[in-house]
>>> print(open('run_32.tsv').read())   # TSV, C-alpha atoms
chain	number	residue	atom	x	y	z
A	1	MET	CA	47.66	40.34	42.32
A	2	LEU	CA	50.16	38.00	40.69
A	3	LYS	CA	49.50	37.06	37.05
A	4	ILE	CA	50.82	33.79	35.62
A	5	SER	CA	50.72	33.10	31.87
A	6	CYS	CA	49.63	29.65	30.70
A	7	VAL	CA	49.04	28.12	27.28
A	8	ALA	CA	46.77	25.37	25.96
A	9	ALA	CA	46.00	23.93	22.54
A	10	ILE	CA	42.72	22.77	21.07
A	11	LEU	CA	43.87	20.14	18.58
A	12	LYS	CA	41.12	18.95	16.25
A	13	ASN	CA	41.19	15.82	14.13
A	14	SER	CA	39.36	15.05	10.88
A	15	ASP	CA	36.37	13.72	12.86
A	16	ASP	CA	35.88	17.16	14.47
A	17	LYS	CA	37.03	15.84	17.85
A	18	VAL	CA	39.55	17.51	20.13
A	19	LEU	CA	42.49	15.98	21.97
A	20	LEU	CA	42.27	15.90	25.76
A	21	GLN	CA	44.69	14.52	28.34
A	22	LEU	CA	43.67	12.87	31.61
A	23	ARG	CA	45.59	14.32	34.54
A	24	ASP	CA	47.24	11.91	36.96
A	25	ASP	CA	45.33	10.88	40.09
A	26	ARG	CA	47.88	12.19	42.62
A	27	PRO	CA	46.01	13.78	45.56
A	28	SER	CA	48.46	16.71	45.62
A	29	LEU	CA	47.69	17.60	41.99
A	30	SER	CA	45.01	20.19	41.35
A	31	PHE	CA	42.21	18.73	39.24
A	32	ALA	CA	43.53	15.19	39.67
A	33	SER	CA	41.79	12.68	37.37
A	34	HIS	CA	40.24	15.46	35.28
A	35	TRP	CA	40.60	15.90	31.53
A	36	THR	CA	42.43	18.94	30.19
A	37	LEU	CA	43.88	20.44	27.03
A	38	PRO	CA	47.57	19.92	26.31
A	39	GLY	CA	49.61	22.86	27.55
A	40	GLY	CA	51.14	24.39	30.63
A	41	LYS	CA	52.90	27.37	32.15
A	42	VAL	CA	54.86	29.92	30.14
A	43	GLU	CA	58.41	29.84	31.47
A	44	GLU	CA	60.58	32.88	32.24
A	45	ARG	CA	61.92	34.59	29.09
A	46	GLU	CA	59.56	32.55	26.90
A	47	THR	CA	56.73	33.86	24.73
A	48	PRO	CA	53.34	32.12	24.74
A	49	ASP	CA	54.02	30.99	21.14
A	50	GLU	CA	57.30	29.38	22.23
A	51	ALA	CA	55.64	27.86	25.31
A	52	ILE	CA	52.86	26.08	23.42
A	53	CYS	CA	55.35	24.60	20.95
A	54	ARG	CA	57.56	23.40	23.83
A	55	GLU	CA	54.59	21.98	25.75
A	56	LEU	CA	53.31	20.00	22.74
A	57	MET	CA	56.79	18.56	22.18
A	58	GLU	CA	57.19	17.66	25.87
A	59	GLU	CA	53.73	16.15	26.27
A	60	ILE	CA	52.97	14.43	22.94
A	61	GLU	CA	56.05	15.00	20.73
A	62	LEU	CA	54.02	16.89	18.15
A	63	GLN	CA	54.92	19.89	16.01
A	64	LEU	CA	52.27	21.54	13.86
A	65	PRO	CA	51.07	24.96	12.77
A	66	LEU	CA	49.07	26.73	15.47
A	67	GLU	CA	46.96	29.87	15.50
A	68	LEU	CA	46.26	31.98	18.58
A	69	TRP	CA	42.49	31.88	19.07
A	70	ASN	CA	41.71	33.34	22.48
A	71	VAL	CA	43.35	35.10	25.43
A	72	TYR	CA	41.52	35.60	28.72
A	73	GLU	CA	42.10	35.80	32.46
A	74	ARG	CA	40.80	33.29	34.94
A	75	PRO	CA	41.16	33.26	38.73
A	76	HIS	CA	43.48	30.66	40.23
A	77	SER	CA	43.36	31.76	43.87
A	78	ASP	CA	42.71	34.87	45.93
A	79	SER	CA	46.14	36.22	44.98
A	80	ILE	CA	46.80	34.69	41.54
A	81	ASN	CA	45.15	35.15	38.14
A	82	ILE	CA	45.98	33.04	35.11
A	83	GLU	CA	46.42	34.77	31.76
A	84	GLN	CA	45.32	31.91	29.50
A	85	TYR	CA	46.40	31.70	25.85
A	86	ILE	CA	44.43	29.23	23.71
A	87	TYR	CA	45.80	28.01	20.39
A	88	LEU	CA	44.12	26.05	17.59
A	89	GLY	CA	45.69	23.30	15.53
A	90	GLN	CA	44.70	20.35	13.38
A	91	THR	CA	46.17	16.88	13.27
A	92	ASP	CA	45.43	13.75	11.29
A	93	ARG	CA	47.47	11.62	13.68
A	94	SER	CA	45.64	8.75	15.36
A	95	ILE	CA	45.60	8.58	19.14
A	96	SER	CA	47.81	5.48	19.02
A	97	SER	CA	50.48	7.34	17.04
A	98	LEU	CA	50.74	10.19	19.56
A	99	LYS	CA	53.27	9.83	22.36
A	100	MET	CA	51.98	10.26	25.89
A	101	ASN	CA	54.77	11.67	28.03
A	102	GLU	CA	52.46	13.24	30.63
A	103	GLY	CA	49.16	12.26	32.20
A	104	ALA	CA	47.28	9.00	32.64
A	105	ASP	CA	45.50	8.85	29.27
A	106	GLN	CA	44.68	10.85	26.16
A	107	GLN	CA	41.74	10.64	23.78
A	108	PHE	CA	39.87	12.60	21.15
A	109	PHE	CA	36.40	13.79	22.25
A	110	GLY	CA	33.47	15.30	20.40
A	111	CYS	CA	31.16	18.01	21.69
A	112	LYS	CA	28.58	15.65	23.18
A	113	GLU	CA	31.22	13.44	24.82
A	114	ILE	CA	32.87	16.42	26.52
A	115	ALA	CA	29.64	17.23	28.36
A	116	ASP	CA	29.94	13.92	30.25
A	117	ILE	CA	33.52	14.10	31.52
A	118	PRO	CA	35.17	16.10	34.32
A	119	LEU	CA	37.25	18.95	32.81
A	120	ALA	CA	39.93	20.97	34.56
A	121	PHE	CA	40.63	24.71	34.67
A	122	GLY	CA	37.20	25.83	33.46
A	123	PHE	CA	37.86	24.36	30.02
A	124	ASP	CA	34.30	22.98	29.92
A	125	SER	CA	32.94	26.47	29.20
A	126	LEU	CA	35.77	27.20	26.79
A	127	LEU	CA	35.20	24.01	24.78
A	128	LYS	CA	31.44	24.53	24.74
A	129	GLY	CA	32.03	27.97	23.22
A	130	PHE	CA	34.60	26.53	20.84
A	131	PHE	CA	32.16	23.96	19.43
A	132	GLU	CA	29.29	26.48	19.27
A	133	ASP	CA	31.31	29.22	17.56
A	134	SER	CA	33.05	26.89	15.09
A	135	PRO	CA	36.31	28.82	14.59
A	136	TRP	CA	37.31	26.09	12.12
A	137	THR	CA	35.36	27.78	9.36
A	138	ASN	CA	38.38	30.10	9.00
A	139	TRP	CA	40.84	27.23	8.51
>>> encode(input="run_32.tsv", output="structure tokens")
Amino acid sequence: MLKISCVAAILKNSDDKVLLQLRDDRPSLSFASHWTLPGGKVEERETPDEAICRELMEEIELQLPLELWNVYERPHSDSINIEQYIYLGQTDRSISSLKMNEGADQQFFGCKEIADIPLAFGFDSLLKGFFEDSPWTNW
């Protein structure tokens, strides 16, 4: 089975909300019109740490300290598994001050709001666990 490494960041603001991006509505795009965490695929000869920094710069032009929080595998297809790296970060930037170079929209969402929106890549379970476990107590 092929394994592909991907990265994503849970970026929390001072209101305890996390940044999500709305994927484009192209029919060819998996999880079109679903919300997701900023991130993407780890490129060849790139570490996950380098990949998440690159992805945040490409998508929202943001650099900030990040901490690796979780690594797990999730199925992508019958022949591909995703090795998912999840990073934590904090930002005091307003949504209007963040660039949006990818996707159709971006917003900060709280725990209760996330329950009512379509999320991509199984991140609904991940974010539910994130809010329940409160890893921010270590920050």
>>> atom_distance(input="run_32.tsv", atom1="CA of Phe109 in chain A", atom2="CA of Asn81 in chain A")
28.0 Å
>>> closest_residue(input="run_32.tsv", among="A:Ala9, A:Ile80, A:Pro48, A:Gly103", to="Leu29 in chain A", atoms="only C-alpha atoms")
A:Gly103
>>> atom_distance(input="run_32.tsv", atom1="CA of Leu68 in chain A", atom2="CA of Cys111 in chain A")
20.8 Å
>>> closest_residue(input="run_32.tsv", among="A:Asp49, A:Glu113, A:Asp92, A:Asp24", to="Leu66 in chain A", atoms="only C-alpha atoms")
A:Asp49
>>> closest_residue(input="run_32.tsv", among="A:Lys112, A:Glu102, A:Glu73, A:Ser96", to="Pro38 in chain A", atoms="only C-alpha atoms")
A:Glu102
>>> closest_residue(input="run_32.tsv", among="A:Leu64, A:Leu22, A:Val42, A:Ala115", to="Ser5 in chain A", atoms="all atoms listed in the file")
A:Val42
>>> atom_distance(input="run_32.tsv", atom1="CA of Ile86 in chain A", atom2="CA of Ser14 in chain A")
19.8 Å
>>> residues_around(input="run_32.tsv", residues="Gly39 in chain A", least_positions_apart="5", cutoff="8 Å", atoms="only C-alpha atoms", output="number ranges by chain")
A: 6-9, 52, 55-56, 59
>>> closest_residue(input="run_32.tsv", among="A:Gln90, A:Met1, A:Ile82, A:Asp16", to="Phe131 in chain A", atoms="only C-alpha atoms")
A:Asp16
>>> closest_residue(input="run_32.tsv", among="A:Asp78, A:Gly110, A:Glu83, A:Leu62", to="Gly40 in chain A", atoms="all atoms listed in the file")
A:Glu83
>>> build_atoms(input="run_32.tsv", residues="range 25-43 of chain A", atoms="N, CA and C atoms", output="tab-separated table (two decimals), in the coordinates of the input")
chain	number	residue	atom	x	y	z
A	25	ASP	N	46.23	10.92	38.94
A	25	ASP	CA	45.33	10.88	40.09
A	25	ASP	C	46.03	11.16	41.42
A	26	ARG	N	47.16	11.84	41.38
A	26	ARG	CA	47.88	12.19	42.62
A	26	ARG	C	47.04	13.17	43.44
A	27	PRO	N	46.82	12.89	44.71
A	27	PRO	CA	46.01	13.78	45.56
A	27	PRO	C	46.56	15.20	45.65
A	28	SER	N	47.86	15.38	45.51
A	28	SER	CA	48.46	16.71	45.62
A	28	SER	C	48.28	17.55	44.35
A	29	LEU	N	47.85	16.92	43.28
A	29	LEU	CA	47.69	17.60	41.99
A	29	LEU	C	46.32	18.26	41.90
A	30	SER	N	46.31	19.54	41.54
A	30	SER	CA	45.01	20.19	41.35
A	30	SER	C	44.31	19.55	40.15
A	31	PHE	N	43.03	19.37	40.28
A	31	PHE	CA	42.21	18.73	39.24
A	31	PHE	C	42.72	17.33	38.89
A	32	ALA	N	43.11	16.57	39.90
A	32	ALA	CA	43.53	15.19	39.67
A	32	ALA	C	42.39	14.41	39.01
A	33	SER	N	42.75	13.53	38.08
A	33	SER	CA	41.79	12.68	37.37
A	33	SER	C	40.75	13.47	36.58
A	34	HIS	N	41.09	14.66	36.15
A	34	HIS	CA	40.24	15.46	35.28
A	34	HIS	C	40.90	15.54	33.90
A	35	TRP	N	40.10	15.74	32.89
A	35	TRP	CA	40.60	15.90	31.53
A	35	TRP	C	40.97	17.36	31.30
A	36	THR	N	41.97	17.59	30.47
A	36	THR	CA	42.43	18.94	30.19
A	36	THR	C	43.01	19.02	28.78
A	37	LEU	N	43.20	20.21	28.31
A	37	LEU	CA	43.88	20.44	27.03
A	37	LEU	C	45.38	20.32	27.23
A	38	PRO	N	46.11	19.90	26.20
A	38	PRO	CA	47.57	19.92	26.31
A	38	PRO	C	48.06	21.36	26.49
A	39	GLY	N	49.06	21.53	27.32
A	39	GLY	CA	49.61	22.86	27.55
A	39	GLY	C	50.26	22.96	28.91
A	40	GLY	N	50.51	24.18	29.34
A	40	GLY	CA	51.14	24.39	30.63
A	40	GLY	C	51.54	25.84	30.84
A	41	LYS	N	52.46	26.03	31.74
A	41	LYS	CA	52.90	27.37	32.15
A	41	LYS	C	53.94	27.92	31.19
A	42	VAL	N	53.85	29.21	30.92
A	42	VAL	CA	54.86	29.92	30.14
A	42	VAL	C	56.06	30.15	31.07
A	43	GLU	N	57.22	29.70	30.65
A	43	GLU	CA	58.41	29.84	31.47
A	43	GLU	C	59.03	31.23	31.31
